[in-house]
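Novice: PDB, C-alpha atoms, saved as protein.pdb, coming up:
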```pdb
ATOM      1  CA  TYR A 835     104.830 199.121 192.584
ATOM      2  CA  PRO A 836     101.665 197.654 194.192
ATOM      3  CA  PRO A 837      98.643 197.351 191.930
ATOM      4  CA  GLN A 838      96.358 200.437 191.949
ATOM      5  CA  GLN A 839      92.868 199.976 193.434
ATOM      6  CA  GLN A 840      90.071 200.453 190.958
ATOM      7  CA  GLY A 841      87.102 202.793 191.611
ATOM      8  CA  TYR A 842      86.297 204.709 194.789
ATOM      9  CA  PRO A 843      85.661 203.363 198.279
ATOM     10  CA  PRO A 844      81.987 202.881 199.149
ATOM     11  CA  GLN A 845      80.342 206.011 200.615
ATOM     12  CA  GLN A 846      79.186 205.809 204.227
ATOM     13  CA  GLN A 847      75.454 206.355 204.786
ATOM     14  CA  GLY A 848      74.202 208.931 207.306
ATOM     15  CA  TYR A 849      76.314 210.921 209.727
ATOM     16  CA  PRO A 850      79.119 209.466 211.817
ATOM     17  CA  PRO A 851      78.250 209.077 215.469
ATOM     18  CA  GLN A 852      79.598 211.795 217.767
ATOM     19  CA  GLN A 853      82.139 210.894 220.384
ATOM     20  CA  GLY A 854      80.615 209.796 223.660
ATOM     21  CA  MET A 855      77.208 209.152 221.974
ATOM     22  CA  PRO A 856      77.021 205.562 220.618
ATOM     23  CA  MET A 857      74.452 205.072 217.899
ATOM     24  CA  GLN A 858      72.913 201.771 217.024
ATOM     25  CA  GLN A 859      72.300 200.624 213.470
ATOM     26  CA  GLY A 860      68.997 201.934 212.135
ATOM     27  CA  GLN A 861      68.286 204.123 215.210
ATOM     28  CA  PRO A 862      66.979 207.647 214.274
ATOM     29  CA  MET A 863      68.733 210.697 215.648
ATOM     30  CA  MET A 864      66.948 212.367 218.600
ATOM     31  CA  MET A 865      66.627 216.139 218.521
ATOM     32  CA  GLN A 866      67.004 218.090 221.761
ATOM     33  CA  PRO A 867      63.745 219.904 222.731
ATOM     34  CA  MET A 868      63.926 223.682 222.404
ATOM     35  CA  ALA A 869      63.666 225.735 225.592
ATOM     36  CA  GLN A 870      60.277 227.383 225.981
ATOM     37  CA  PRO A 871      60.237 231.173 226.554
ATOM     38  CA  PRO A 872      59.017 232.297 230.004
ATOM     39  CA  MET A 873      55.326 233.000 230.360
ATOM     40  CA  ALA A 874      54.349 236.683 230.258
ATOM     41  CA  ARG A 875      53.166 238.022 233.604
ATOM     42  CA  THR A 876      49.521 238.940 234.049
ATOM     43  CA  ASP A 877      49.915 240.917 237.302
ATOM     44  CA  PHE A 878      52.531 242.115 239.799
ATOM     45  CA  ASP A 879      52.397 239.077 242.107
ATOM     46  CA  GLY A 880      55.707 237.488 243.011
ATOM     47  CA  ILE A 881      57.725 240.559 242.015
ATOM     48  CA  PRO A 882      59.570 242.179 244.941
ATOM     49  CA  ASN A 883      60.478 245.337 243.021
ATOM     50  CA  LEU A 884      59.947 247.235 239.789
ATOM     51  CA  LEU A 885      61.971 249.656 237.709
ATOM     52  CA  ILE A 886      59.531 252.113 236.128
ATOM     53  CA  LYS A 887      61.174 254.011 233.264
ATOM     54  CA  GLN A 888      59.485 256.949 231.598
ATOM     55  CA  THR A 889      60.384 257.219 227.930
ATOM     56  CA  ARG A 890      61.542 260.291 226.033
ATOM     57  CA  LYS A 891      58.425 260.245 223.913
ATOM     58  CA  GLY A 892      57.733 263.731 222.573
ATOM     59  CA  TRP A 893      61.074 265.217 223.661
ATOM     60  CA  CYS A 894      60.999 267.580 220.698
ATOM     61  CA  GLN A 895      57.543 268.797 221.766
ATOM     62  CA  GLU A 896      58.797 269.323 225.308
ATOM     63  CA  LEU A 897      61.677 271.487 224.103
ATOM     64  CA  MET A 898      59.108 273.700 222.387
ATOM     65  CA  GLY A 899      56.976 273.903 225.548
ATOM     66  CA  CYS A 900      54.247 271.432 224.555
ATOM     67  CA  GLU A 901      53.521 268.586 226.988
ATOM     68  CA  ALA A 902      53.438 265.067 225.491
ATOM     69  CA  ASN A 903      51.420 262.154 226.862
ATOM     70  CA  THR A 904      53.454 260.062 229.285
ATOM     71  CA  GLU A 905      54.712 256.562 228.476
ATOM     72  CA  PHE A 906      56.525 254.028 230.663
ATOM     73  CA  ASN A 907      58.460 250.786 230.249
ATOM     74  CA  ILE A 908      58.438 248.607 233.374
ATOM     75  CA  ALA A 909      61.092 246.028 234.268
ATOM     76  CA  THR A 910      62.683 244.636 237.454
ATOM     77  CA  PHE A 911      65.931 245.499 239.240
ATOM     78  CA  GLU A 912      67.378 242.124 238.267
ATOM     79  CA  ASN A 913      66.623 242.524 234.526
ATOM     80  CA  PRO A 914      66.489 246.271 233.859
ATOM     81  CA  ASN A 915      66.678 245.858 230.070
ATOM     82  CA  ASN A 916      63.964 243.181 229.880
ATOM     83  CA  ASP A 917      60.703 245.139 229.938
ATOM     84  CA  GLU A 918      57.744 243.128 231.208
ATOM     85  CA  PHE A 919      55.024 245.793 231.230
ATOM     86  CA  TYR A 920      54.147 248.873 229.218
ATOM     87  CA  ALA A 921      52.063 251.894 230.269
ATOM     88  CA  VAL A 922      50.778 254.782 228.193
ATOM     89  CA  GLU A 923      48.588 257.793 228.950
ATOM     90  CA  ASP A 924      45.435 258.521 226.965
ATOM     91  CA  THR A 925      44.600 262.241 226.860
ATOM     92  CA  SER A 926      43.885 264.745 224.136
ATOM     93  CA  CYS A 927      46.428 267.319 223.014
ATOM     94  CA  LEU A 928      43.991 270.105 223.966
ATOM     95  CA  MET A 929      43.669 268.744 227.521
ATOM     96  CA  ARG A 930      47.445 268.552 227.938
ATOM     97  CA  PHE A 931      47.849 272.078 226.602
ATOM     98  CA  CYS A 932      45.095 273.682 228.708
ATOM     99  CA  CYS A 933      45.454 271.789 232.014
ATOM    100  CA  GLY A 934      49.154 270.884 231.978
ATOM    101  CA  THR A 935      50.228 268.659 234.853
ATOM    102  CA  ALA A 936      46.817 269.021 236.556
ATOM    103  CA  ARG A 937      45.063 267.330 233.635
ATOM    104  CA  PRO A 938      42.794 264.303 234.081
ATOM    105  CA  PHE A 939      43.963 261.186 232.266
ATOM    106  CA  THR A 940      43.536 257.445 231.832
ATOM    107  CA  LEU A 941      46.721 255.384 231.906
ATOM    108  CA  THR A 942      46.658 251.771 230.691
ATOM    109  CA  VAL A 943      49.215 249.123 231.710
ATOM    110  CA  SER A 944      49.651 246.097 229.438
ATOM    111  CA  GLN A 945      52.137 243.338 228.744
ATOM    112  CA  ALA A 946      55.267 244.605 227.027
ATOM    113  CA  ALA A 947      55.158 241.815 224.449
ATOM    114  CA  ASP A 948      51.458 242.267 223.643
ATOM    115  CA  HIS A 949      49.877 245.671 224.253
ATOM    116  CA  SER A 950      46.401 244.225 223.678
ATOM    117  CA  LYS A 951      46.622 242.233 226.953
ATOM    118  CA  THR A 952      45.702 244.769 229.616
ATOM    119  CA  ILE A 953      47.024 244.414 233.166
ATOM    120  CA  GLY A 954      45.114 247.352 234.651
ATOM    121  CA  THR A 955      44.054 250.967 234.180
ATOM    122  CA  TYR A 956      44.481 254.132 236.238
ATOM    123  CA  GLU A 957      42.066 257.049 236.089
ATOM    124  CA  ARG A 958      42.919 260.495 237.397
ATOM    125  CA  PRO A 959      39.919 262.828 237.689
ATOM    126  CA  PHE A 960      40.308 266.596 237.524
ATOM    127  CA  ARG A 961      41.101 268.101 240.932
ATOM    128  CA  CYS A 962      42.641 271.238 242.405
ATOM    129  CA  PRO A 963      46.451 271.303 242.215
ATOM    130  CA  LEU A 964      48.532 269.862 245.021
ATOM    131  CA  GLY A 965      48.397 272.272 247.956
ATOM    132  CA  GLN A 966      48.521 272.689 251.724
ATOM    133  CA  MET A 967      45.605 272.472 254.155
ATOM    134  CA  LYS A 968      42.916 271.698 251.592
ATOM    135  CA  CYS A 969      39.590 270.527 252.940
ATOM    136  CA  CYS A 970      38.265 269.119 249.663
ATOM    137  CA  CYS A 971      39.052 268.506 245.982
ATOM    138  CA  HIS A 972      42.179 266.498 246.815
ATOM    139  CA  GLN A 973      44.342 264.943 244.134
ATOM    140  CA  MET A 974      43.304 261.328 243.460
ATOM    141  CA  LEU A 975      44.083 258.327 241.264
ATOM    142  CA  ILE A 976      41.683 255.369 240.890
ATOM    143  CA  SER A 977      43.304 251.962 240.296
ATOM    144  CA  LYS A 978      41.454 249.234 238.368
ATOM    145  CA  ASN A 979      42.311 245.650 237.423
ATOM    146  CA  ASP A 980      42.092 243.982 234.016
ATOM    147  CA  LYS A 981      38.341 243.458 234.544
ATOM    148  CA  ASP A 982      37.809 247.219 235.003
ATOM    149  CA  GLU A 983      37.008 246.715 238.702
ATOM    150  CA  GLU A 984      38.281 249.256 241.229
ATOM    151  CA  VAL A 985      40.951 247.797 243.539
ATOM    152  CA  GLY A 986      41.992 250.944 245.403
ATOM    153  CA  ARG A 987      42.820 254.633 245.304
ATOM    154  CA  ILE A 988      45.748 256.979 245.819
ATOM    155  CA  LYS A 989      44.513 260.173 247.471
ATOM    156  CA  GLU A 990      46.213 263.360 248.617
ATOM    157  CA  ASP A 991      46.157 263.751 252.393
ATOM    158  CA  CYS A 992      45.542 266.995 254.253
ATOM    159  CA  TRP A 993      49.093 268.204 254.969
ATOM    160  CA  PHE A 994      50.906 271.317 256.130
ATOM    161  CA  CYS A 995      54.697 270.864 255.866
ATOM    162  CA  VAL A 996      55.345 267.554 254.067
ATOM    163  CA  PRO A 997      53.117 266.468 251.138
ATOM    164  CA  SER A 998      51.546 263.064 251.782
ATOM    165  CA  LEU A 999      49.482 260.555 249.813
ATOM    166  CA  LYS A1000      47.138 257.931 251.252
ATOM    167  CA  VAL A1001      46.939 254.406 249.845
ATOM    168  CA  LEU A1002      43.337 253.225 250.204
ATOM    169  CA  ASP A1003      41.843 249.821 249.421
ATOM    170  CA  LYS A1004      38.618 249.416 247.458
ATOM    171  CA  GLY A1005      36.602 249.872 250.657
ATOM    172  CA  GLY A1006      38.265 253.198 251.434
ATOM    173  CA  ASN A1007      40.359 251.806 254.315
ATOM    174  CA  LEU A1008      43.832 253.270 254.855
ATOM    175  CA  GLN A1009      46.613 250.785 254.076
ATOM    176  CA  TYR A1010      49.751 252.916 253.743
ATOM    177  CA  ASN A1011      50.999 256.501 253.646
ATOM    178  CA  MET A1012      53.447 257.679 250.989
ATOM    179  CA  HIS A1013      55.637 260.735 251.597
ATOM    180  CA  PHE A1014      59.204 261.981 251.887
ATOM    181  CA  PRO A1015      61.182 260.707 254.889
ATOM    182  CA  THR A1016      60.809 263.260 257.686
ATOM    183  CA  CYS A1017      62.706 264.643 260.649
ATOM    184  CA  CYS A1018      62.023 267.214 263.402
ATOM    185  CA  CYS A1019      58.893 265.353 264.551
ATOM    186  CA  GLY A1020      57.554 265.126 261.009
ATOM    187  CA  MET A1021      57.750 268.868 260.361
ATOM    188  CA  CYS A1022      60.596 268.789 257.813
ATOM    189  CA  VAL A1023      61.778 266.645 254.913
ATOM    190  CA  ASP A1024      64.891 264.604 255.720
ATOM    191  CA  CYS A1025      67.100 265.679 252.816
ATOM    192  CA  CYS A1026      69.879 263.253 253.820
ATOM    193  CA  ALA A1027      67.701 260.118 253.999
ATOM    194  CA  GLU A1028      69.390 258.630 250.912
ATOM    195  CA  GLY A1029      72.775 260.175 251.614
ATOM    196  CA  CYS A1030      74.302 263.329 250.211
ATOM    197  CA  CYS A1031      75.053 264.155 246.567
ATOM    198  CA  ASN A1032      73.653 260.933 245.077
ATOM    199  CA  CYS A1033      70.672 262.504 243.252
ATOM    200  CA  ARG A1034      68.184 260.009 244.731
ATOM    201  CA  ILE A1035      64.807 261.397 245.851
ATOM    202  CA  PRO A1036      62.996 258.947 248.168
ATOM    203  CA  PHE A1037      59.332 258.528 249.043
ATOM    204  CA  GLY A1038      58.703 256.057 251.842
ATOM    205  CA  ILE A1039      55.750 253.670 252.066
ATOM    206  CA  TYR A1040      54.701 253.663 255.728
ATOM    207  CA  GLU A1041      52.102 251.757 257.680
ATOM    208  CA  PRO A1042      49.438 253.890 259.416
ATOM    209  CA  GLY A1043      50.848 255.447 262.570
ATOM    210  CA  ALA A1044      54.523 255.025 261.591
ATOM    211  CA  SER A1045      56.906 257.827 262.505
ATOM    212  CA  GLY A1046      57.976 258.590 258.946
ATOM    213  CA  LYS A1047      61.671 258.509 259.804
ATOM    214  CA  LYS A1048      64.230 256.735 257.647
ATOM    215  CA  GLY A1049      64.162 253.026 258.510
ATOM    216  CA  SER A1050      60.485 252.865 259.519
ATOM    217  CA  GLU A1051      59.234 252.354 255.964
ATOM    218  CA  VAL A1052      57.967 248.980 254.703
ATOM    219  CA  GLY A1053      58.513 249.871 251.052
ATOM    220  CA  SER A1054      59.764 252.764 248.991
ATOM    221  CA  VAL A1055      59.596 254.736 245.772
ATOM    222  CA  VAL A1056      62.888 256.382 244.743
ATOM    223  CA  LYS A1057      63.393 258.711 241.824
ATOM    224  CA  ILE A1058      66.888 258.006 240.492
ATOM    225  CA  TRP A1059      69.262 260.133 238.415
ATOM    226  CA  GLY A1060      68.865 259.575 234.691
ATOM    227  CA  GLY A1061      71.951 261.366 233.387
ATOM    228  CA  TRP A1062      72.597 264.956 232.324
ATOM    229  CA  GLY A1063      71.035 264.652 228.894
ATOM    230  CA  LYS A1064      67.846 263.007 230.110
ATOM    231  CA  GLU A1065      67.430 265.337 233.099
ATOM    232  CA  LEU A1066      68.099 268.593 231.257
ATOM    233  CA  LEU A1067      66.471 267.968 227.898
ATOM    234  CA  SER A1068      63.347 266.064 228.979
ATOM    235  CA  ASP A1069      61.160 265.302 231.983
ATOM    236  CA  ALA A1070      61.499 261.534 231.493
ATOM    237  CA  ASP A1071      62.175 260.036 234.937
ATOM    238  CA  THR A1072      63.064 256.615 236.320
ATOM    239  CA  PHE A1073      61.687 255.209 239.584
ATOM    240  CA  GLU A1074      62.556 252.267 241.801
ATOM    241  CA  LEU A1075      59.553 250.694 243.529
ATOM    242  CA  ILE A1076      60.029 248.215 246.387
ATOM    243  CA  PHE A1077      56.763 246.567 247.434
ATOM    244  CA  PRO A1078      55.901 245.891 251.092
ATOM    245  CA  GLU A1079      56.213 242.173 251.820
ATOM    246  CA  LYS A1080      52.581 241.932 252.982
ATOM    247  CA  ALA A1081      51.130 243.642 249.907
ATOM    248  CA  ASP A1082      48.655 241.495 247.980
ATOM    249  CA  SER A1083      47.914 241.665 244.259
ATOM    250  CA  ASP A1084      45.421 244.544 244.471
ATOM    251  CA  THR A1085      47.661 246.570 246.788
ATOM    252  CA  ARG A1086      50.651 246.111 244.489
ATOM    253  CA  ARG A1087      48.573 247.280 241.562
ATOM    254  CA  ASN A1088      47.517 250.310 243.608
ATOM    255  CA  LEU A1089      51.108 251.138 244.616
ATOM    256  CA  VAL A1090      52.170 251.148 240.956
ATOM    257  CA  GLY A1091      49.520 253.830 240.502
ATOM    258  CA  GLY A1092      51.155 255.683 243.375
ATOM    259  CA  VAL A1093      54.364 255.900 241.336
ATOM    260  CA  PHE A1094      52.440 257.389 238.405
ATOM    261  CA  MET A1095      50.832 259.876 240.788
ATOM    262  CA  ILE A1096      54.171 260.893 242.324
ATOM    263  CA  ASN A1097      55.634 261.431 238.869
ATOM    264  CA  GLN A1098      52.717 263.605 237.809
ATOM    265  CA  LEU A1099      52.616 265.699 240.990
ATOM    266  CA  PHE A1100      56.306 266.250 241.648
ATOM    267  CA  PHE A1101      58.353 265.663 238.492
ATOM    268  CA  GLU A1102      56.326 266.652 235.441
ATOM    269  CA  ARG A1103      57.264 270.109 234.215
ATOM    270  CA  GLN A1104      54.797 272.890 233.603
ATOM    271  CA  GLY A1105      56.257 275.762 231.624
ATOM    272  CA  GLY A1106      59.799 274.492 232.171
ATOM    273  CA  ALA A1107      59.489 274.131 235.969
ATOM    274  CA  PRO A1108      58.644 271.061 238.068
ATOM    275  CA  SER A1109      54.985 270.720 238.961
ATOM    276  CA  GLY A1110      55.607 269.799 242.591
ATOM    277  CA  VAL A1111      56.020 272.095 245.550
TER     278      VAL A1111
END
```
Could you quickly redo this structure as structure tokens?

Specialist:
Amino acid sequence: YPPQQQGYPPQQQGYPPQQGMPMQQGQPMMMQPMAQPPMARTDFDGIPNLLIKQTRKGWCQELMGCEANTEFNIATFENPNNDEFYAVEDTSCLMRFCCGTARPFTLTVSQAADHSKTIGTYERPFRCPLGQMKCCCHQMLISKNDKDEEVGRIKEDCWFCVPSLKVLDKGGNLQYNMHFPTCCCGMCVDCCAEGCCNCRIPFGIYEPGASGKKGSEVGSVVKIWGGWGKELLSDADTFELIFPEKADSDTRRNLVGGVFMINQLFFERQGGAPSGV
């Protein structure tokens, strides 16, 4: 037999080099830099659309007939599960109980990751309920930026057949109209604008003077079906908002307030029934 080797072979120092990555003697290993998380958004610029999802906050209260303050998570169509903004209503329980869906409120929008970083606020003063041919006391929502400066308003228009909201800039100038798509020379709601039996309720964003027919809108707000459980057991709704291409930062902020106004006027329940007409 061959003579047996004494002892153990000398231990190699460090880690063996990986294949395809030559390492020189004495050279330290280089660590790959970690990917930085994306910066949180501070406004709605550069976002073509939003998915505004009302939560089921207070569903037990709603089943017992008590209205809870509204709360929203806001994402985009492309990343519906990645919430970028958060909105919550600030009202007292007594105000919600006495005034119902007509209550005044302040709604604050902040970053989803840090609720202390405010994006904007929306103030709804007390007004007469939504109704036809009113000459005063129209429904209104005041939009403000993160500096508490007014950037625009959403105001109920004087209407007869089809409810309509006006989108006004901070100077009171009309920018857009928001209402259901119409037919019959604007006298009726076009119930088939989004097709039949798809449970989508559209509100078009139209430039002043537009016909209001399907296809003439420059943006839209669509209430989408949330499922049997969500629709029957709560008034938590989900909306798709598509911004007009020409909308600037203040207008986009104002149009987000328009979604909150549409939800409050048409889809919040009062005594088990929708608040809209």

Novice: For Lys968 in chain A, list every protein, DNA or RNA residue within 12 Å, evaluated using only C-alpha atoms, and leave out those in the same chain fewer than 3 positions away; present the list as number ranges by chain.

Specialist: A: 961-965, 971-973, 990-994, 997

Novice: Could you pull the residues within 12 Å of Cys1018 in chain A, counting all atoms listed in the file, minus those fewer than 3 positions along the same chain, as a ChimeraX atom specification?

Specialist: /A:995-996,1015,1021-1025,1045-1047

Novice: Rounded to one decimal place, report the CA of Gly1049 in chain A-CA of Cys1019 in chain A distance in Å.

Specialist: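 Between CA of Gly1049 in chain A and CA of Cys1019 in chain A the gap works out to 14.7 Å.
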
Novice: In Å to one decimal, how far is CA of Asp1082 in chain A from CA of Asp879 in chain A?

Specialist: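 Distance reported for this atom pair: 7.4 Å.
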
Novice: Check the smallest atom-to-atom distance from each of A:Glu905, A:Glu912, A:Asp917, A:Asp982 to Asp1071 in chain A using all atoms listed in the file, then report the winner.

Specialist: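 The closest residue to Asp1071 in chain A is A:Glu905.
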
Novice: Would you mind telling me which residue in A:Asn1007, A:Ser950, A:Asn1088, A:Gln945 lies nearest to Gly986 in chain A when using only C-alpha atoms?

Specialist: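 Going through A:Asn1007, A:Ser950, A:Asn1088, A:Gln945 one by one, the smallest distance to Gly986 in chain A is for A:Asn1088.
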
Novice: Check the smallest atom-to-atom distance from each of A:Ile1076, A:Met974, A:Leu1002, A:Cys1017 to Lys989 in chain A using only C-alpha atoms, then report the winner.

Specialist: A:Met974

Novice: Given the file shown, enumerate the residues that the PyMOL selection byres ((chain A and resi 941) around 7) captures and present them as a compact mmCIF listing (two decimals) with C-alpha atoms, keeping the file's coordinate frame.

Specialist:
```
# COMPACT_ATOMS: atom_id res chain seq x y z
CA ALA A 921 52.06 251.89 230.27
CA VAL A 922 50.78 254.78 228.19
CA GLU A 923 48.59 257.79 228.95
CA ASP A 924 45.44 258.52 226.96
CA PHE A 939 43.96 261.19 232.27
CA THR A 940 43.54 257.44 231.83
CA THR A 942 46.66 251.77 230.69
CA VAL A 943 49.22 249.12 231.71
CA THR A 955 44.05 250.97 234.18
CA TYR A 956 44.48 254.13 236.24
CA GLU A 957 42.07 257.05 236.09
```

Novice: Would you compute the distance between CA of Ile1035 in chain A and CA of Ile1058 in chain A? Give it in Å to one decimal.

Specialist: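 Spanning CA of Ile1035 in chain A to CA of Ile1058 in chain A is a straight-line distance of 6.7 Å.
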